[in-house]
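Chemist: Below you will find the structure I want to go over with you.
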Amino acid sequence: MKLRNIFENNQKWVEEKLSIDADYFKNLSKGQSPEILYIGCSDSRVTAEELMGVNPGDAFVHRNIANMVPNTDLSAMSVIDYAVTHLKVKHIVVCGHYFCGGVKAAMQSQDLGILNPWLRNIRDVYRLHKEELNAIENEEERYNRLVELNVQEQCVNVIKTSQYQKAFAEREVIVHGWVFDIHSGKLIDLKIDFENILKNIQEIYKIC
Ligand code: CO
């Protein structure tokens, strides 16, 4: 991949889209009404639209290191607010991936400067699930289980927000926890029971 090829690629892509539908960009410019908010990792190998097979306009996307939803992160909170309150998405997906560098870094005793406070959110996930994780002897398996548990906890962070709770009271907004298996290319639904989780944590986190 060379940077100068990108503009040629773009030109080809424009031509291809127009050859199928002459009004493609005219329609695209009318506005967006995606049904999915996708929160994923910034990892260059874990694309959003491509791995889901969706088109421009189908998914509202937020990506950061290790697909985190920290409640003090203005960017993640703004994305959730806009997606839920204005776009009225029907599904919120937190998608992690096995062999996530961010999750691995959080399992090591290493000073990573500005990344320390970010990765500490993952260390907090480890602390919450320490017993289960420490019982896994194989390091790779333990690390991949932390990827799954991190997805689960970030989904919980989504349902802790007032925006989500407000929307959930009015309509169906489903939170999904997925993992992308980088070795097979497959998306795995962790099938987390969020209605139950929401019920269990409501006494503490209920805002609206
Ligand atoms: Co990652």
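Ordered as shown in the structure tokens, chains take letters A, B, and onward, while each chain numbers its residues from 1 and ligands are numbered from 1 in the order shown.
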Would you please extract all alpha helix (DSSP H) residues from region 1-190 of chain A, as assigned by DSSP on the backbone, and give them as number ranges by chain?
Modeler: A: 5-20, 24-28, 49-52, 74-81, 101-106, 115-128, 130-134, 139-159, 162-170
Chemist: Write a file of the selected residues as an mmCIF file, in the first residue's frame, keeping C-alpha atoms.
Modeler:
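And here's again05.cif as it stands now:
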data_model
loop_
_atom_site.group_PDB
_atom_site.id
_atom_site.type_symbol
_atom_site.label_atom_id
_atom_site.label_comp_id
_atom_site.auth_asym_id
_atom_site.auth_seq_id
_atom_site.Cartn_x
_atom_site.Cartn_y
_atom_site.Cartn_z
ATOM 1 C CA ASN A 5 -2.330 5.000 -4.628
ATOM 2 C CA ILE A 6 -5.109 6.068 -2.317
ATOM 3 C CA PHE A 7 -6.366 8.834 -4.603
ATOM 4 C CA GLU A 8 -6.304 6.492 -7.592
ATOM 5 C CA ASN A 9 -8.166 3.899 -5.524
ATOM 6 C CA ASN A 10 -10.696 6.532 -4.561
ATOM 7 C CA GLN A 11 -11.248 7.494 -8.195
ATOM 8 C CA LYS A 12 -11.831 3.850 -9.112
ATOM 9 C CA TRP A 13 -14.236 3.457 -6.191
ATOM 10 C CA VAL A 14 -16.227 6.535 -7.258
ATOM 11 C CA GLU A 15 -16.473 5.208 -10.827
ATOM 12 C CA GLU A 16 -17.492 1.767 -9.619
ATOM 13 C CA LYS A 17 -20.253 3.145 -7.392
ATOM 14 C CA LEU A 18 -21.548 5.420 -10.162
ATOM 15 C CA SER A 19 -21.537 2.620 -12.714
ATOM 16 C CA ILE A 20 -23.948 0.673 -10.490
ATOM 17 C CA TYR A 24 -25.235 6.899 -5.385
ATOM 18 C CA PHE A 25 -23.498 9.998 -3.988
ATOM 19 C CA LYS A 26 -26.563 12.173 -4.459
ATOM 20 C CA ASN A 27 -28.483 9.790 -2.217
ATOM 21 C CA LEU A 28 -25.584 9.384 0.229
ATOM 22 C CA GLU A 49 -17.671 -1.934 7.721
ATOM 23 C CA GLU A 50 -15.605 -4.502 5.840
ATOM 24 C CA LEU A 51 -15.784 -7.264 8.423
ATOM 25 C CA MET A 52 -19.532 -6.720 8.874
ATOM 26 C CA LEU A 74 -15.800 12.924 25.957
ATOM 27 C CA SER A 75 -15.374 11.383 22.526
ATOM 28 C CA ALA A 76 -16.975 8.019 23.348
ATOM 29 C CA MET A 77 -19.733 9.693 25.376
ATOM 30 C CA SER A 78 -20.516 12.148 22.553
ATOM 31 C CA VAL A 79 -20.667 9.323 20.017
ATOM 32 C CA ILE A 80 -23.100 7.366 22.205
ATOM 33 C CA ASP A 81 -25.189 10.470 22.822
ATOM 34 C CA GLY A 101 -2.341 -5.213 21.594
ATOM 35 C CA GLY A 102 -4.069 -2.814 23.986
ATOM 36 C CA VAL A 103 -5.380 -5.651 26.140
ATOM 37 C CA LYS A 104 -2.010 -7.393 26.078
ATOM 38 C CA ALA A 105 -0.220 -4.210 27.129
ATOM 39 C CA ALA A 106 -2.598 -3.890 30.088
ATOM 40 C CA LEU A 115 -1.429 5.105 27.596
ATOM 41 C CA ASN A 116 -1.266 4.265 31.322
ATOM 42 C CA PRO A 117 -4.581 5.894 32.336
ATOM 43 C CA TRP A 118 -6.302 4.520 29.227
ATOM 44 C CA LEU A 119 -5.075 0.975 29.775
ATOM 45 C CA ARG A 120 -5.837 1.171 33.480
ATOM 46 C CA ASN A 121 -9.491 0.787 32.534
ATOM 47 C CA ILE A 122 -8.563 -2.681 31.244
ATOM 48 C CA ARG A 123 -6.608 -3.428 34.426
ATOM 49 C CA ASP A 124 -9.824 -2.600 36.306
ATOM 50 C CA VAL A 125 -11.628 -5.215 34.193
ATOM 51 C CA TYR A 126 -8.897 -7.694 35.164
ATOM 52 C CA ARG A 127 -9.367 -6.840 38.851
ATOM 53 C CA LEU A 128 -13.139 -7.392 38.593
ATOM 54 C CA LYS A 130 -9.284 -11.721 38.696
ATOM 55 C CA GLU A 131 -10.414 -15.077 40.077
ATOM 56 C CA GLU A 132 -11.675 -16.371 36.758
ATOM 57 C CA LEU A 133 -8.685 -15.042 34.835
ATOM 58 C CA ASN A 134 -6.017 -16.271 37.241
ATOM 59 C CA GLU A 139 -1.348 -17.222 29.041
ATOM 60 C CA GLU A 140 -2.795 -16.880 25.541
ATOM 61 C CA GLU A 141 -6.158 -18.245 26.670
ATOM 62 C CA ARG A 142 -6.151 -15.923 29.674
ATOM 63 C CA TYR A 143 -5.392 -12.970 27.454
ATOM 64 C CA ASN A 144 -8.189 -13.837 25.032
ATOM 65 C CA ARG A 145 -10.644 -14.321 27.896
ATOM 66 C CA LEU A 146 -9.710 -10.828 29.100
ATOM 67 C CA VAL A 147 -10.541 -9.570 25.587
ATOM 68 C CA GLU A 148 -14.045 -11.077 26.004
ATOM 69 C CA LEU A 149 -14.520 -9.792 29.539
ATOM 70 C CA ASN A 150 -13.358 -6.350 28.449
ATOM 71 C CA VAL A 151 -16.033 -6.343 25.728
ATOM 72 C CA GLN A 152 -18.606 -7.324 28.357
ATOM 73 C CA GLU A 153 -17.539 -4.563 30.755
ATOM 74 C CA GLN A 154 -17.529 -1.942 27.994
ATOM 75 C CA CYS A 155 -21.081 -3.005 27.113
ATOM 76 C CA VAL A 156 -21.927 -2.509 30.782
ATOM 77 C CA ASN A 157 -20.371 0.950 30.506
ATOM 78 C CA VAL A 158 -22.732 1.684 27.612
ATOM 79 C CA ILE A 159 -25.764 0.742 29.702
ATOM 80 C CA SER A 162 -28.107 8.159 30.981
ATOM 81 C CA GLN A 163 -28.477 8.363 27.192
ATOM 82 C CA TYR A 164 -28.796 4.595 26.926
ATOM 83 C CA GLN A 165 -31.115 4.301 29.916
ATOM 84 C CA LYS A 166 -33.378 7.055 28.612
ATOM 85 C CA ALA A 167 -33.587 5.457 25.174
ATOM 86 C CA PHE A 168 -34.133 1.975 26.627
ATOM 87 C CA ALA A 169 -37.139 3.232 28.573
ATOM 88 C CA GLU A 170 -38.754 4.389 25.321
#
Chemist: As a quick test: using only C-alpha atoms and all ligand atoms, which residues lie no more than 7 Å away from ligand 1? Give them as an MDAnalysis selection string.
Modeler: chainID A and resid 41:43 65:66 96:97 100:103
Chemist: May I have the selected residues written with all heavy atoms, as an mmCIF file, in the first residue's frame?
Modeler:
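Contents of selection-v5.cif, as written:
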data_model
loop_
_atom_site.group_PDB
_atom_site.id
_atom_site.type_symbol
_atom_site.label_atom_id
_atom_site.label_comp_id
_atom_site.auth_asym_id
_atom_site.auth_seq_id
_atom_site.Cartn_x
_atom_site.Cartn_y
_atom_site.Cartn_z
ATOM 1 N N CYS A 41 -12.018 -1.573 18.060
ATOM 2 C CA CYS A 41 -10.612 -1.224 18.312
ATOM 3 C C CYS A 41 -10.031 -0.485 17.097
ATOM 4 O O CYS A 41 -10.435 -0.717 15.963
ATOM 5 C CB CYS A 41 -9.807 -2.495 18.588
ATOM 6 S SG CYS A 41 -8.078 -2.155 19.029
ATOM 7 N N SER A 42 -9.060 0.381 17.365
ATOM 8 C CA SER A 42 -8.402 1.127 16.282
ATOM 9 C C SER A 42 -7.473 0.243 15.443
ATOM 10 O O SER A 42 -7.000 0.679 14.397
ATOM 11 C CB SER A 42 -7.554 2.257 16.862
ATOM 12 O OG SER A 42 -8.374 3.200 17.480
ATOM 13 N N ASP A 43 -7.209 -0.959 15.909
ATOM 14 C CA ASP A 43 -6.310 -1.881 15.204
ATOM 15 C C ASP A 43 -6.606 -1.875 13.697
ATOM 16 O O ASP A 43 -7.753 -2.077 13.284
ATOM 17 C CB ASP A 43 -6.514 -3.293 15.781
ATOM 18 C CG ASP A 43 -5.437 -4.261 15.327
ATOM 19 O OD1 ASP A 43 -5.231 -4.394 14.099
ATOM 20 O OD2 ASP A 43 -4.796 -4.885 16.197
ATOM 21 N N ILE A 65 -8.306 2.651 21.089
ATOM 22 C CA ILE A 65 -7.463 1.529 21.504
ATOM 23 C C ILE A 65 -8.247 0.626 22.463
ATOM 24 O O ILE A 65 -8.738 1.083 23.502
ATOM 25 C CB ILE A 65 -6.148 2.030 22.142
ATOM 26 C CG1 ILE A 65 -5.283 2.690 21.062
ATOM 27 C CG2 ILE A 65 -5.390 0.888 22.830
ATOM 28 C CD1 ILE A 65 -4.022 3.350 21.555
ATOM 29 N N ALA A 66 -8.407 -0.619 22.044
ATOM 30 C CA ALA A 66 -9.063 -1.674 22.843
ATOM 31 C C ALA A 66 -10.563 -1.455 23.074
ATOM 32 O O ALA A 66 -11.098 -1.887 24.081
ATOM 33 C CB ALA A 66 -8.337 -1.918 24.164
ATOM 34 N N GLY A 96 -14.648 -6.406 20.272
ATOM 35 C CA GLY A 96 -13.229 -6.546 20.589
ATOM 36 C C GLY A 96 -12.587 -7.503 19.611
ATOM 37 O O GLY A 96 -13.233 -7.975 18.672
ATOM 38 N N HIS A 97 -11.340 -7.800 19.812
ATOM 39 C CA HIS A 97 -10.706 -8.804 18.952
ATOM 40 C C HIS A 97 -9.608 -9.527 19.706
ATOM 41 O O HIS A 97 -8.922 -8.944 20.536
ATOM 42 C CB HIS A 97 -10.151 -8.161 17.670
ATOM 43 C CG HIS A 97 -9.003 -7.231 17.896
ATOM 44 N ND1 HIS A 97 -7.689 -7.597 17.662
ATOM 45 C CD2 HIS A 97 -8.954 -5.972 18.372
ATOM 46 C CE1 HIS A 97 -6.897 -6.580 17.962
ATOM 47 N NE2 HIS A 97 -7.634 -5.579 18.394
ATOM 48 N N CYS A 100 -5.549 -8.565 20.944
ATOM 49 C CA CYS A 100 -5.589 -7.098 20.946
ATOM 50 C C CYS A 100 -4.351 -6.577 21.694
ATOM 51 O O CYS A 100 -4.116 -6.931 22.850
ATOM 52 C CB CYS A 100 -6.867 -6.625 21.634
ATOM 53 S SG CYS A 100 -7.010 -4.833 21.733
ATOM 54 N N GLY A 101 -3.571 -5.753 21.007
ATOM 55 C CA GLY A 101 -2.341 -5.213 21.594
ATOM 56 C C GLY A 101 -2.603 -4.377 22.832
ATOM 57 O O GLY A 101 -1.820 -4.405 23.786
ATOM 58 N N GLY A 102 -3.727 -3.645 22.836
ATOM 59 C CA GLY A 102 -4.069 -2.814 23.986
ATOM 60 C C GLY A 102 -4.334 -3.670 25.215
ATOM 61 O O GLY A 102 -3.873 -3.361 26.318
ATOM 62 N N VAL A 103 -5.062 -4.760 25.026
ATOM 63 C CA VAL A 103 -5.380 -5.651 26.140
ATOM 64 C C VAL A 103 -4.113 -6.342 26.628
ATOM 65 O O VAL A 103 -3.882 -6.463 27.833
ATOM 66 C CB VAL A 103 -6.472 -6.681 25.732
ATOM 67 C CG1 VAL A 103 -6.697 -7.710 26.824
ATOM 68 C CG2 VAL A 103 -7.780 -5.959 25.407
#
Chemist: Name the residues of region 19-173 of chain A that come out as strand (DSSP E) in a backbone DSSP run; write them as a list in words.
Modeler: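 Restricting region 19-173 of chain A to strand (DSSP E) produces Ile36, Leu37, Tyr38, Ile39, Gly40, Cys41, Ala59, Phe60, Val61, His62, Arg63, Asn64, His91, Ile92, Val93, Val94, Cys95, Gly96 and His97 of chain A.
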Chemist: Taking N, CA and C atoms for each residue, export the selection above as a PDB file, in the first residue's frame.
Modeler:
ATOM      1  N   ILE A  36     -27.009   0.825  13.380  1.00  0.00           N
ATOM      2  CA  ILE A  36     -25.998   0.248  14.280  1.00  0.00           C
ATOM      3  C   ILE A  36     -24.982   1.292  14.710  1.00  0.00           C
ATOM      4  N   LEU A  37     -24.690   1.288  16.006  1.00  0.00           N
ATOM      5  CA  LEU A  37     -23.510   2.005  16.491  1.00  0.00           C
ATOM      6  C   LEU A  37     -22.462   0.928  16.759  1.00  0.00           C
ATOM      7  N   TYR A  38     -21.322   1.040  16.094  1.00  0.00           N
ATOM      8  CA  TYR A  38     -20.250   0.063  16.254  1.00  0.00           C
ATOM      9  C   TYR A  38     -19.093   0.708  17.008  1.00  0.00           C
ATOM     10  N   ILE A  39     -18.723   0.105  18.135  1.00  0.00           N
ATOM     11  CA  ILE A  39     -17.578   0.596  18.911  1.00  0.00           C
ATOM     12  C   ILE A  39     -16.512  -0.491  18.852  1.00  0.00           C
ATOM     13  N   GLY A  40     -15.411  -0.187  18.185  1.00  0.00           N
ATOM     14  CA  GLY A  40     -14.386  -1.215  17.997  1.00  0.00           C
ATOM     15  C   GLY A  40     -12.988  -0.713  18.290  1.00  0.00           C
ATOM     16  N   CYS A  41     -12.018  -1.573  18.060  1.00  0.00           N
ATOM     17  CA  CYS A  41     -10.612  -1.224  18.312  1.00  0.00           C
ATOM     18  C   CYS A  41     -10.031  -0.485  17.097  1.00  0.00           C
ATOM     19  N   ALA A  59     -23.531   2.007   9.357  1.00  0.00           N
ATOM     20  CA  ALA A  59     -23.047   1.921  10.745  1.00  0.00           C
ATOM     21  C   ALA A  59     -22.393   3.228  11.169  1.00  0.00           C
ATOM     22  N   PHE A  60     -22.735   3.666  12.373  1.00  0.00           N
ATOM     23  CA  PHE A  60     -22.077   4.820  12.980  1.00  0.00           C
ATOM     24  C   PHE A  60     -20.912   4.219  13.761  1.00  0.00           C
ATOM     25  N   VAL A  61     -19.699   4.709  13.488  1.00  0.00           N
ATOM     26  CA  VAL A  61     -18.521   3.988  13.986  1.00  0.00           C
ATOM     27  C   VAL A  61     -17.681   4.822  14.940  1.00  0.00           C
ATOM     28  N   HIS A  62     -17.266   4.169  16.030  1.00  0.00           N
ATOM     29  CA  HIS A  62     -16.317   4.787  16.957  1.00  0.00           C
ATOM     30  C   HIS A  62     -15.226   3.763  17.224  1.00  0.00           C
ATOM     31  N   ARG A  63     -13.974   4.174  17.024  1.00  0.00           N
ATOM     32  CA  ARG A  63     -12.881   3.237  17.294  1.00  0.00           C
ATOM     33  C   ARG A  63     -11.832   3.914  18.168  1.00  0.00           C
ATOM     34  N   ASN A  64     -11.317   3.158  19.118  1.00  0.00           N
ATOM     35  CA  ASN A  64     -10.200   3.635  19.932  1.00  0.00           C
ATOM     36  C   ASN A  64      -9.381   2.418  20.366  1.00  0.00           C
ATOM     37  N   HIS A  91     -29.230  -0.794  17.523  1.00  0.00           N
ATOM     38  CA  HIS A  91     -28.253  -1.734  18.082  1.00  0.00           C
ATOM     39  C   HIS A  91     -26.962  -1.003  18.430  1.00  0.00           C
ATOM     40  N   ILE A  92     -26.385  -1.360  19.568  1.00  0.00           N
ATOM     41  CA  ILE A  92     -25.063  -0.844  19.920  1.00  0.00           C
ATOM     42  C   ILE A  92     -24.149  -2.052  20.062  1.00  0.00           C
ATOM     43  N   VAL A  93     -23.094  -2.069  19.270  1.00  0.00           N
ATOM     44  CA  VAL A  93     -22.175  -3.193  19.272  1.00  0.00           C
ATOM     45  C   VAL A  93     -20.836  -2.762  19.848  1.00  0.00           C
ATOM     46  N   VAL A  94     -20.340  -3.508  20.826  1.00  0.00           N
ATOM     47  CA  VAL A  94     -18.949  -3.330  21.236  1.00  0.00           C
ATOM     48  C   VAL A  94     -18.226  -4.551  20.701  1.00  0.00           C
ATOM     49  N   CYS A  95     -17.262  -4.304  19.826  1.00  0.00           N
ATOM     50  CA  CYS A  95     -16.560  -5.423  19.184  1.00  0.00           C
ATOM     51  C   CYS A  95     -15.079  -5.400  19.545  1.00  0.00           C
ATOM     52  N   GLY A  96     -14.648  -6.406  20.272  1.00  0.00           N
ATOM     53  CA  GLY A  96     -13.229  -6.546  20.589  1.00  0.00           C
ATOM     54  C   GLY A  96     -12.587  -7.503  19.611  1.00  0.00           C
ATOM     55  N   HIS A  97     -11.340  -7.800  19.812  1.00  0.00           N
ATOM     56  CA  HIS A  97     -10.706  -8.804  18.952  1.00  0.00           C
ATOM     57  C   HIS A  97      -9.608  -9.527  19.706  1.00  0.00           C
TER      58      HIS A  97
END
Chemist: With distances taken over only C-alpha atoms, which residue among A:His129, A:His183, A:Arg171, A:Arg4 lies nearest Val46 (chain A)?
Modeler: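 Of the candidates, the smallest distance to Val46 (chain A) is held by A:His183.
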